[in-house]
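Everything on this sheet refers to the single structure shown next.
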Amino acid sequence: MKIGVLGSGTVGRTLAGKLSSLGHDVTIGTRDVDSLMARTDPDQMGNPPFAEWKESFPDIAVDTFEVAAQGELLVNATSGGATLEALKLAGAANLSGKVLIDVANPLDFSRGFPPSLSVCNTDSLAEQIQREFPEAKVVKSLNTMTAAMVDPGAVAGGDHDVFVSGNDQSAKDQVRALLESFGWINVLHLGGLETARGVEMWLPLWLSLMGPMGGAMFNLKLVKA
């Protein structure tokens with residue numbers, strides 16, 4: 001499958017690498033290809049320059065956000081605050097009719113750590129995307145954990161939960177199949193896209209838990225009586 005991953009940061013790289021390893025034709029979309037490839041310093045997360053990372057993934061192409069035109073399935077791995085602008089650059093016509101997996105979170109670090117959310121309670125970033133691009137099939141998933149989301153077996157042998165929210169059942173089914181190809185066992189369909197509000201609001205707590213948990217390799221496991 002041709003998949004466009006919008007975003008060249010940690011999450012975008014992680015997802016692109018995994019998807020490529022599974023045999024998909026993957027292209028990473030970014031705002032300015034030349035600028036991205038010319039960087040020589042680590043990014044804000046301490047990751048190596050993109051060009052250095054790219055050497056390990058020669059099969060992954062790099063293009064502008066307009067790569068959305070070529071992708072059969074798209075992943076939004078941009079920073080939440082930049083998501084709507086990035087998707088506008090991708091082009092509404094290029095998103096039309098396509099499944100768009102939204103992995104971003106509307107985190108606002110303007111007042112320091114832990115962050116607040118730029119949208120919450122009665123709305124979500126995923127819903128904003130759907131309203132802005134009504135012909136896209138937005139599915140919220142994989143936003144509740146570390147970028148190791150592509151290797152669920154690394155936490156509790158894979159016995160933990162990933163959530164899926166969306167208005168289009170066929171799109172959610174397609175995302176579920178993709179998640180299962182990653183190795184996910186427990187995929188919970190929460191319902192319509194309004195349920196993305198809850199999973200986005202989990203993120204400030206998740207970030208605060210990284211200290212007590214000694215890192216980011218943890219996730220939710222739901223149990224019932």
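Simple scheme: letters A, B, ... for chains in structure tokens order, numbers from 1 for residues in each chain, numbers from 1 for ligands in the order shown.
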Next on the checklist: Report as a count of residues only all protein, DNA and RNA residues lying within 8 Å of segment 206-218 of chain A, evaluated on only C-alpha atoms, omitting residues in the same chain fewer than 3 positions from it.
Outcome noted: 9
Quick one: everything within 9 Å of Ala92 of chain A, counting only C-alpha atoms, minus sequence neighbours fewer than 3 positions away in the same chain. Send it as a compact mmCIF listing (two decimals) with N, CA and C atoms, in the first residue's frame.
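To be explicit, this is the file written out as part14.txt:
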```
# COMPACT_ATOMS: atom_id res chain seq x y z
N LEU A 87 -1.99 20.17 7.06
CA LEU A 87 -2.98 19.48 6.24
C LEU A 87 -3.52 20.39 5.13
N LYS A 88 -3.57 21.69 5.40
CA LYS A 88 -3.95 22.62 4.34
C LYS A 88 -2.91 22.61 3.23
N LEU A 89 -1.63 22.52 3.63
CA LEU A 89 -0.57 22.43 2.63
C LEU A 89 -0.64 21.11 1.87
N LEU A 95 -6.76 14.87 0.35
CA LEU A 95 -7.22 14.12 1.52
C LEU A 95 -8.58 13.47 1.27
N SER A 96 -9.28 13.95 0.29
CA SER A 96 -10.66 13.53 0.04
C SER A 96 -10.76 12.03 -0.20
N GLU A 132 -12.60 20.53 9.18
CA GLU A 132 -11.86 21.29 8.18
C GLU A 132 -11.77 20.53 6.86
N PHE A 133 -11.72 19.19 6.96
CA PHE A 133 -11.59 18.34 5.77
C PHE A 133 -12.68 17.26 5.81
N PRO A 134 -13.92 17.65 5.55
CA PRO A 134 -15.05 16.74 5.73
C PRO A 134 -15.03 15.52 4.82
N GLU A 135 -14.28 15.56 3.73
CA GLU A 135 -14.24 14.42 2.82
C GLU A 135 -13.18 13.39 3.21
N ALA A 136 -12.34 13.73 4.19
CA ALA A 136 -11.35 12.77 4.70
C ALA A 136 -12.03 11.83 5.68
```
Item to check | DSSP-assigned alpha helix (DSSP H) among segment 86-191 of chain A, expressed as number ranges by chain | outcome: A: 86-90, 92-95, 125-132, 169-182
Item to check | Atomic distance atom CA of Cys120 of chain A - atom CA of Arg197 of chain A, expressed in Å with one decimal | outcome: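 Straight-line distance from atom CA of Cys120 of chain A to atom CA of Arg197 of chain A works out to 6.2 Å.
You can rank A:Thr27, A:Thr40, A:Thr195, A:Asn47 by their closest distance to Asn121 of chain A using only C-alpha atoms, and at the top of that list sits A:Thr195.
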Next on the checklist: Can you pull out the residues contacting segment 172-180 of chain A? Cut-off 12 Å, using only C-alpha atoms, and skip same-chain residues under 3 positions away; I want them as a VMD selection string.
Outcome noted: chain A and resid 1 3 15 18 to 19 22 24 72 to 75 98 to 103 137 to 142 149 to 153 158 161 to 169 183 to 193
Checklist entry - With distances taken over only C-alpha atoms, which of A:Met45, A:Ile60, A:Leu6, A:Ala51 is nearest to Asp25 of chain A? => result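 Among the listed residues, A:Ile60 lies closest to Asp25 of chain A.
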Checklist entry - Any idea what the distance is between atom CA of Ser56 of chain A and atom CA of Lys2 of chain A? => result 19.7 Å
Next on the checklist: Neighbouring residues of Trp53 of chain A were defined as those with any atom within 12 Å, considering only C-alpha atoms; residues of the same chain fewer than 3 positions away were excluded. Please report them as a ChimeraX atom specification.
Outcome noted: /A:8-10,12-14,16-17,36-37,39-43,47-50,56-58,60
Can I get the selection written as a PDB file, in the first residue's frame, with C-alpha atoms?
```pdb
ATOM      1  CA  SER A   8       9.386  13.993  10.083  1.00  0.00           C
ATOM      2  CA  GLY A   9       9.820  13.972  13.859  1.00  0.00           C
ATOM      3  CA  THR A  10      10.134  11.020  16.228  1.00  0.00           C
ATOM      4  CA  GLY A  12       6.692  10.162  11.918  1.00  0.00           C
ATOM      5  CA  ARG A  13      10.047   8.410  11.625  1.00  0.00           C
ATOM      6  CA  THR A  14       8.970   5.560  13.889  1.00  0.00           C
ATOM      7  CA  ALA A  16       7.395   5.298   8.579  1.00  0.00           C
ATOM      8  CA  GLY A  17      10.156   2.854   9.487  1.00  0.00           C
ATOM      9  CA  LEU A  36      15.032  19.113   6.335  1.00  0.00           C
ATOM     10  CA  MET A  37      17.791  17.241   4.529  1.00  0.00           C
ATOM     11  CA  ARG A  39      20.023  20.004   8.923  1.00  0.00           C
ATOM     12  CA  THR A  40      23.099  18.756  10.731  1.00  0.00           C
ATOM     13  CA  ASP A  41      22.106  19.178  14.383  1.00  0.00           C
ATOM     14  CA  PRO A  42      19.970  16.841  16.494  1.00  0.00           C
ATOM     15  CA  ASP A  43      16.345  17.875  16.836  1.00  0.00           C
ATOM     16  CA  ASN A  47      17.229  12.581  17.577  1.00  0.00           C
ATOM     17  CA  PRO A  48      19.940  12.512  14.912  1.00  0.00           C
ATOM     18  CA  PRO A  49      19.508  14.784  11.888  1.00  0.00           C
ATOM     19  CA  PHE A  50      16.878  13.515   9.485  1.00  0.00           C
ATOM     20  CA  SER A  56      19.105   3.578   7.424  1.00  0.00           C
ATOM     21  CA  PHE A  57      15.833   3.660   5.463  1.00  0.00           C
ATOM     22  CA  PRO A  58      16.766   4.060   1.794  1.00  0.00           C
ATOM     23  CA  ILE A  60      11.489   5.606   2.359  1.00  0.00           C
TER      24      ILE A  60
END
```
Mind listing the strand (DSSP E) residues of segment 19-80 of chain A, per DSSP on the backbone, as a PDB file with N, CA, C and O atoms, in the first residue's frame?
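This went into out.pdb:
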```pdb
ATOM      1  N   ASP A  25       4.825   0.975   0.649  1.00  0.00           N
ATOM      2  CA  ASP A  25       5.541   2.012  -0.095  1.00  0.00           C
ATOM      3  C   ASP A  25       5.313   3.326   0.641  1.00  0.00           C
ATOM      4  O   ASP A  25       4.247   3.931   0.549  1.00  0.00           O
ATOM      5  N   VAL A  26       6.323   3.774   1.389  1.00  0.00           N
ATOM      6  CA  VAL A  26       6.152   4.877   2.334  1.00  0.00           C
ATOM      7  C   VAL A  26       6.898   6.127   1.874  1.00  0.00           C
ATOM      8  O   VAL A  26       8.051   6.057   1.455  1.00  0.00           O
ATOM      9  N   THR A  27       6.218   7.260   1.986  1.00  0.00           N
ATOM     10  CA  THR A  27       6.845   8.551   1.755  1.00  0.00           C
ATOM     11  C   THR A  27       6.553   9.451   2.942  1.00  0.00           C
ATOM     12  O   THR A  27       5.409   9.542   3.396  1.00  0.00           O
ATOM     13  N   ILE A  28       7.581  10.091   3.474  1.00  0.00           N
ATOM     14  CA  ILE A  28       7.412  11.070   4.543  1.00  0.00           C
ATOM     15  C   ILE A  28       7.189  12.440   3.914  1.00  0.00           C
ATOM     16  O   ILE A  28       7.937  12.857   3.025  1.00  0.00           O
ATOM     17  N   GLY A  29       6.171  13.135   4.387  1.00  0.00           N
ATOM     18  CA  GLY A  29       5.885  14.479   3.911  1.00  0.00           C
ATOM     19  C   GLY A  29       6.361  15.517   4.910  1.00  0.00           C
ATOM     20  O   GLY A  29       6.201  15.348   6.121  1.00  0.00           O
ATOM     21  N   THR A  30       6.946  16.586   4.412  1.00  0.00           N
ATOM     22  CA  THR A  30       7.444  17.665   5.255  1.00  0.00           C
ATOM     23  C   THR A  30       7.198  18.992   4.558  1.00  0.00           C
ATOM     24  O   THR A  30       6.854  19.035   3.373  1.00  0.00           O
ATOM     25  N   ALA A  61      10.816   7.365   0.843  1.00  0.00           N
ATOM     26  CA  ALA A  61      10.988   8.595   0.079  1.00  0.00           C
ATOM     27  C   ALA A  61      10.637   9.804   0.942  1.00  0.00           C
ATOM     28  O   ALA A  61       9.996   9.672   2.001  1.00  0.00           O
ATOM     29  N   VAL A  62      11.057  10.978   0.510  1.00  0.00           N
ATOM     30  CA  VAL A  62      10.753  12.229   1.211  1.00  0.00           C
ATOM     31  C   VAL A  62      10.205  13.216   0.191  1.00  0.00           C
ATOM     32  O   VAL A  62      10.754  13.364  -0.903  1.00  0.00           O
ATOM     33  N   ASP A  63       9.137  13.887   0.548  1.00  0.00           N
ATOM     34  CA  ASP A  63       8.500  14.844  -0.360  1.00  0.00           C
ATOM     35  C   ASP A  63       7.853  15.928   0.489  1.00  0.00           C
ATOM     36  O   ASP A  63       7.920  15.893   1.726  1.00  0.00           O
ATOM     37  N   THR A  64       7.174  16.866  -0.152  1.00  0.00           N
ATOM     38  CA  THR A  64       6.420  17.880   0.575  1.00  0.00           C
ATOM     39  C   THR A  64       5.130  17.257   1.101  1.00  0.00           C
ATOM     40  O   THR A  64       4.802  16.102   0.820  1.00  0.00           O
ATOM     41  N   LEU A  73      -3.330   5.742   1.917  1.00  0.00           N
ATOM     42  CA  LEU A  73      -3.653   5.934   3.322  1.00  0.00           C
ATOM     43  C   LEU A  73      -2.661   6.953   3.857  1.00  0.00           C
ATOM     44  O   LEU A  73      -1.487   6.956   3.474  1.00  0.00           O
ATOM     45  N   LEU A  74      -3.126   7.826   4.759  1.00  0.00           N
ATOM     46  CA  LEU A  74      -2.284   8.904   5.269  1.00  0.00           C
ATOM     47  C   LEU A  74      -2.209   8.853   6.793  1.00  0.00           C
ATOM     48  O   LEU A  74      -3.153   8.407   7.456  1.00  0.00           O
ATOM     49  N   VAL A  75      -1.077   9.302   7.318  1.00  0.00           N
ATOM     50  CA  VAL A  75      -0.879   9.369   8.764  1.00  0.00           C
ATOM     51  C   VAL A  75      -0.499  10.796   9.121  1.00  0.00           C
ATOM     52  O   VAL A  75       0.454  11.351   8.557  1.00  0.00           O
ATOM     53  N   ASN A  76      -1.242  11.406  10.045  1.00  0.00           N
ATOM     54  CA  ASN A  76      -0.876  12.728  10.532  1.00  0.00           C
ATOM     55  C   ASN A  76       0.005  12.568  11.768  1.00  0.00           C
ATOM     56  O   ASN A  76      -0.474  12.278  12.860  1.00  0.00           O
TER      57      ASN A  76
END
```
Item to check | 8 Å contact set for Gly81 of chain A, only C-alpha atoms, chain neighbours under 5 positions out, as JSON, numbers by chain | outcome: {"A": [106, 107, 108, 118]}
